[in-house]
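Colleague: I'm passing along target_18.cif; it holds mmCIF, C-alpha atoms.
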```cif
data_model
loop_
_atom_site.label_atom_id
_atom_site.label_comp_id
_atom_site.auth_asym_id
_atom_site.auth_seq_id
_atom_site.Cartn_x
_atom_site.Cartn_y
_atom_site.Cartn_z
CA MET A 1 130.78 173.80 150.92
CA SER A 2 129.38 170.33 150.30
CA THR A 3 129.54 167.24 152.43
CA LYS A 4 131.73 164.44 151.08
CA ILE A 5 131.11 160.75 151.64
CA ARG A 6 133.15 157.58 151.24
CA ILE A 7 131.38 154.47 149.89
CA GLU A 8 133.44 151.38 150.67
CA THR A 9 132.31 148.34 148.67
CA SER A 10 133.55 144.82 148.08
CA LYS A 11 134.72 146.09 144.66
CA GLY A 12 136.59 149.17 145.94
CA VAL A 13 136.00 152.68 147.21
CA MET A 14 134.02 155.53 145.68
CA THR A 15 133.85 159.07 147.02
CA ALA A 16 131.11 161.60 146.35
CA GLU A 17 130.03 165.08 147.21
CA LEU A 18 126.46 165.77 148.29
CA TYR A 19 124.46 168.81 147.18
CA GLU A 20 122.84 170.16 150.35
CA ASP A 21 122.06 173.43 148.57
CA LYS A 22 120.04 171.70 145.81
CA ALA A 23 118.50 168.79 147.75
CA PRO A 24 118.54 169.70 151.47
CA GLU A 25 115.87 167.27 152.69
CA THR A 26 117.30 164.42 150.65
CA VAL A 27 120.87 164.98 151.85
CA LYS A 28 119.69 165.30 155.48
CA ASN A 29 117.77 162.02 155.13
CA PHE A 30 120.69 160.21 153.44
CA LEU A 31 123.18 161.41 156.05
CA ALA A 32 120.87 160.26 158.87
CA TYR A 33 121.10 156.73 157.41
CA VAL A 34 124.88 157.14 157.00
CA ASP A 35 125.33 158.31 160.60
CA ASP A 36 123.20 155.39 161.87
CA HIS A 37 125.40 152.92 159.89
CA HIS A 38 122.26 151.73 158.10
CA TYR A 39 124.16 151.05 154.88
CA ASP A 40 126.89 148.91 156.47
CA GLY A 41 126.49 145.35 155.22
CA THR A 42 123.83 146.12 152.62
CA ILE A 43 124.26 145.27 148.95
CA PHE A 44 123.83 146.68 145.49
CA HIS A 45 120.76 144.53 144.79
CA ARG A 46 119.85 145.85 141.34
CA VAL A 47 122.58 146.31 138.75
CA ILE A 48 121.95 147.14 135.10
CA ARG A 49 124.98 147.82 132.91
CA GLY A 50 124.66 151.09 131.01
CA PHE A 51 121.90 152.25 133.36
CA MET A 52 122.55 152.26 137.11
CA ILE A 53 123.51 150.39 140.29
CA GLN A 54 120.96 150.47 143.12
CA GLY A 55 121.49 149.63 146.77
CA GLY A 56 121.14 150.52 150.39
CA GLY A 57 117.98 148.67 151.30
CA PHE A 58 118.71 144.95 151.35
CA THR A 59 121.05 142.56 153.14
CA VAL A 60 122.95 139.76 151.38
CA ASP A 61 120.03 137.36 151.94
CA MET A 62 117.66 139.91 150.31
CA ARG A 63 115.98 140.90 153.58
CA GLN A 64 114.70 144.45 153.34
CA LYS A 65 115.92 146.71 156.13
CA ASP A 66 113.61 148.90 158.18
CA THR A 67 113.41 152.52 157.05
CA ARG A 68 112.33 155.93 158.26
CA ASP A 69 109.28 157.64 156.79
CA PRO A 70 109.46 158.58 153.10
CA ILE A 71 110.68 162.05 152.15
CA ARG A 72 109.51 164.69 149.71
CA ASN A 73 110.92 164.27 146.21
CA GLU A 74 113.30 167.14 145.41
CA ALA A 75 113.82 166.15 141.75
CA LYS A 76 112.78 169.66 140.64
CA ASN A 77 116.21 171.00 141.66
CA GLY A 78 117.86 171.50 138.28
CA LEU A 79 120.26 168.54 138.63
CA ALA A 80 120.38 165.85 135.94
CA ASN A 81 120.71 162.08 136.25
CA ASP A 82 124.11 162.07 134.54
CA ARG A 83 126.80 159.39 134.76
CA GLY A 84 128.18 159.21 138.29
CA THR A 85 125.36 161.08 139.99
CA LEU A 86 123.64 159.72 143.09
CA ALA A 87 119.85 159.76 143.13
CA MET A 88 117.12 158.44 145.39
CA ALA A 89 115.24 155.31 144.41
CA ARG A 90 111.48 155.33 144.90
CA THR A 91 108.30 153.53 143.99
CA GLN A 92 105.69 154.83 141.53
CA ILE A 93 104.61 157.19 144.32
CA VAL A 94 106.46 160.49 143.79
CA ASP A 95 107.24 161.12 147.49
CA SER A 96 108.24 157.57 148.49
CA ALA A 97 112.06 157.63 148.77
CA THR A 98 113.49 156.26 152.01
CA CYS A 99 117.01 154.74 152.14
CA GLN A 100 117.60 153.19 148.72
CA PHE A 101 119.71 155.12 146.27
CA PHE A 102 121.29 154.53 142.89
CA ILE A 103 124.36 155.71 141.06
CA ASN A 104 123.82 156.41 137.38
CA HIS A 105 126.14 154.35 135.19
CA ALA A 106 125.18 156.44 132.14
CA ASP A 107 123.44 159.72 131.38
CA ASN A 108 119.79 158.89 132.06
CA ASP A 109 117.88 161.97 130.92
CA PHE A 110 114.57 160.08 131.05
CA LEU A 111 114.90 160.02 134.88
CA ASN A 112 115.06 163.83 135.13
CA TYR A 113 112.25 166.07 136.35
CA LYS A 114 110.02 167.15 133.47
CA SER A 115 106.71 168.13 135.10
CA SER A 116 104.81 167.97 138.38
CA THR A 117 102.90 164.86 137.33
CA VAL A 118 103.39 161.27 138.45
CA GLN A 119 104.90 160.41 135.04
CA GLY A 120 107.05 163.52 134.78
CA TYR A 121 108.39 164.02 138.30
CA GLY A 122 111.63 162.09 137.95
CA TYR A 123 114.25 161.01 140.48
CA CYS A 124 116.08 163.35 142.84
CA VAL A 125 119.80 163.74 142.20
CA PHE A 126 121.55 164.67 145.44
CA GLY A 127 125.25 164.03 144.80
CA LYS A 128 127.97 163.06 142.35
CA LEU A 129 130.99 160.80 142.43
CA THR A 130 134.28 162.63 142.70
CA ASP A 131 136.38 159.46 142.55
CA GLY A 132 135.83 155.75 141.96
CA PHE A 133 134.34 155.68 138.48
CA ASP A 134 136.38 152.50 137.94
CA VAL A 135 134.52 150.94 140.90
CA LEU A 136 131.18 152.09 139.47
CA ASP A 137 132.12 150.41 136.17
CA ALA A 138 133.28 147.24 137.95
CA ILE A 139 129.99 146.95 139.83
CA ALA A 140 127.85 147.83 136.79
CA THR A 141 129.37 145.00 134.75
CA VAL A 142 129.03 142.09 137.20
CA PRO A 143 126.95 139.08 136.11
CA THR A 144 123.34 139.29 137.29
CA GLY A 145 120.34 137.03 137.48
CA ARG A 146 117.08 136.45 139.31
CA MET A 147 116.69 135.87 143.03
CA GLY A 148 113.10 135.04 143.86
CA TYR A 149 111.00 137.79 142.32
CA PHE A 150 113.98 140.16 142.09
CA ALA A 151 115.70 140.68 138.72
CA ASP A 152 119.15 142.11 137.91
CA VAL A 153 120.63 140.86 141.19
CA PRO A 154 124.41 140.29 141.12
CA THR A 155 125.08 136.54 141.15
CA ASP A 156 128.01 137.23 143.49
CA PRO A 157 126.81 139.86 146.01
CA VAL A 158 128.37 143.31 145.81
CA LEU A 159 128.59 144.52 149.41
CA ILE A 160 128.37 148.05 150.70
CA LEU A 161 130.81 147.63 153.58
CA SER A 162 130.23 151.16 154.84
CA ILE A 163 129.24 154.66 153.86
CA THR A 164 130.84 157.34 156.01
CA ARG A 165 131.36 161.06 155.94
CA ALA A 166 134.73 161.77 154.36
#
```
Kindly present the structure from the file in structure tokens form.
Modeller:
Amino acid sequence: MSTKIRIETSKGVMTAELYEDKAPETVKNFLAYVDDHHYDGTIFHRVIRGFMIQGGGFTVDMRQKDTRDPIRNEAKNGLANDRGTLAMARTQIVDSATCQFFINHADNDFLNYKSSTVQGYGYCVFGKLTDGFDVLDAIATVPTGRMGYFADVPTDPVLILSITRA
């Protein structure tokens, strides 16, 4: 049995199932942020049509929220960064994911685990949308621009109103 979540945004609602069996540490970490209401009032701050929508770490005024310690990257779990999958965002450091996540707008094979090197490690998929692909598409196609040194920021903020267990 997998845990289901509800992602309520200013563009509509998406639901997803999380893969505790394939990414246990990642799901535990994500749900800790969910249960603490960390995501409420954050935004999708990086949106690239045909690629992904990323959020969970910034407020509307682009202030970065405090996070817990980074977690181990579980990208070597056999799951692919296909359209509608949820994956953890990270820096160039393999084990650097905290609260930010993205939803793949397209199949992004180049983000998958290939090898245990910095270049080949990939991004950990930990869930998949079960409903709300129309909302994903609506968010992925909003106009974007620059905000300070950030690129691909929606010109009209796309809010994450809440993420809750379904």
Colleague: What is the distance, in Å and to one decimal place, between atom CA of A:Pro143 and atom CA of A:Phe58?
Modeller: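 Taking atom CA of A:Pro143 and atom CA of A:Phe58, their separation equals 18.3 Å.
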Colleague: Just checking: using only C-alpha atoms, which residue out of A:Ser162, A:Asn104, A:Gln54, A:Thr130 ends up closest to A:Arg83?
Modeller: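 Checking each of A:Ser162, A:Asn104, A:Gln54, A:Thr130 against A:Arg83, counting only C-alpha atoms, the winner is A:Asn104.
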Colleague: I need the residue nearest A:Tyr33 from this list: A:Asp107, A:Asp95, A:Glu74, A:Asp66. Use only C-alpha atoms for the distance.
Modeller: A:Asp66
Colleague: If the PyMOL selection byres ((chain A and resi 111-126) around 10) is run on the structure shown, which residues does it catch, given as a PyMOL selection string?
Modeller: chain A and resi 17-27+30+72-82+85-90+92-95+97+101-104+107-110+127-128
Colleague: How far is it from atom CA of A:Arg68 to atom CA of A:Thr3, in Å with one decimal?
Modeller: 21.4 Å
Colleague: Considering only C-alpha atoms, return as a PDB file with C-alpha atoms, keeping the file's coordinate frame whatever protein or nucleic-acid residues lie within 9 Å of stretch 36-44 of chain A, sequence-local ones (same chain, fewer than 2 positions apart) excluded.
Modeller:
```
ATOM      1  CA  THR A   9     132.310 148.340 148.670  1.00  0.00           C
ATOM      2  CA  LEU A  31     123.180 161.410 156.050  1.00  0.00           C
ATOM      3  CA  ALA A  32     120.870 160.260 158.870  1.00  0.00           C
ATOM      4  CA  TYR A  33     121.100 156.730 157.410  1.00  0.00           C
ATOM      5  CA  VAL A  34     124.880 157.140 157.000  1.00  0.00           C
ATOM      6  CA  ARG A  46     119.850 145.850 141.340  1.00  0.00           C
ATOM      7  CA  VAL A  47     122.580 146.310 138.750  1.00  0.00           C
ATOM      8  CA  ILE A  53     123.510 150.390 140.290  1.00  0.00           C
ATOM      9  CA  GLN A  54     120.960 150.470 143.120  1.00  0.00           C
ATOM     10  CA  GLY A  55     121.490 149.630 146.770  1.00  0.00           C
ATOM     11  CA  GLY A  56     121.140 150.520 150.390  1.00  0.00           C
ATOM     12  CA  GLY A  57     117.980 148.670 151.300  1.00  0.00           C
ATOM     13  CA  PHE A  58     118.710 144.950 151.350  1.00  0.00           C
ATOM     14  CA  THR A  59     121.050 142.560 153.140  1.00  0.00           C
ATOM     15  CA  VAL A  60     122.950 139.760 151.380  1.00  0.00           C
ATOM     16  CA  MET A  62     117.660 139.910 150.310  1.00  0.00           C
ATOM     17  CA  LYS A  65     115.920 146.710 156.130  1.00  0.00           C
ATOM     18  CA  THR A  67     113.410 152.520 157.050  1.00  0.00           C
ATOM     19  CA  CYS A  99     117.010 154.740 152.140  1.00  0.00           C
ATOM     20  CA  PHE A 102     121.290 154.530 142.890  1.00  0.00           C
ATOM     21  CA  ILE A 139     129.990 146.950 139.830  1.00  0.00           C
ATOM     22  CA  VAL A 153     120.630 140.860 141.190  1.00  0.00           C
ATOM     23  CA  PRO A 154     124.410 140.290 141.120  1.00  0.00           C
ATOM     24  CA  PRO A 157     126.810 139.860 146.010  1.00  0.00           C
ATOM     25  CA  VAL A 158     128.370 143.310 145.810  1.00  0.00           C
ATOM     26  CA  LEU A 159     128.590 144.520 149.410  1.00  0.00           C
ATOM     27  CA  ILE A 160     128.370 148.050 150.700  1.00  0.00           C
ATOM     28  CA  LEU A 161     130.810 147.630 153.580  1.00  0.00           C
ATOM     29  CA  SER A 162     130.230 151.160 154.840  1.00  0.00           C
ATOM     30  CA  ILE A 163     129.240 154.660 153.860  1.00  0.00           C
ATOM     31  CA  THR A 164     130.840 157.340 156.010  1.00  0.00           C
TER      32      THR A 164
END
```
Colleague: What's the separation between atom CA of A:Arg146 and atom CA of A:Met14, in Å to one decimal place?
Modeller: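 Atom-to-atom, atom CA of A:Arg146 and atom CA of A:Met14 are spaced 26.3 Å apart.
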Colleague: Counting all atoms listed in the file, which residues have an atom no more than 8 Å from (131.8, 158.8, 146.5) in the file's coordinates? Please list them as a list in words.
Modeller: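 Looking at atoms near the point gives Lys4, Ile5, Arg6, Ile7, Val13, Met14, Thr15, Ala16, Glu17, Lys128, Leu129, Thr130, Asp131 and Gly132 of chain A.
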Colleague: How about saving the chosen residues, C-alpha atoms kept, as a tab-separated table (two decimals), keeping the file's coordinate frame?
Modeller:
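In the end it all went to result-v8.tsv:
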```tsv
chain	number	residue	atom	x	y	z
A	4	LYS	CA	131.73	164.44	151.08
A	5	ILE	CA	131.11	160.75	151.64
A	6	ARG	CA	133.15	157.58	151.24
A	7	ILE	CA	131.38	154.47	149.89
A	13	VAL	CA	136.00	152.68	147.21
A	14	MET	CA	134.02	155.53	145.68
A	15	THR	CA	133.85	159.07	147.02
A	16	ALA	CA	131.11	161.60	146.35
A	17	GLU	CA	130.03	165.08	147.21
A	128	LYS	CA	127.97	163.06	142.35
A	129	LEU	CA	130.99	160.80	142.43
A	130	THR	CA	134.28	162.63	142.70
A	131	ASP	CA	136.38	159.46	142.55
A	132	GLY	CA	135.83	155.75	141.96
```
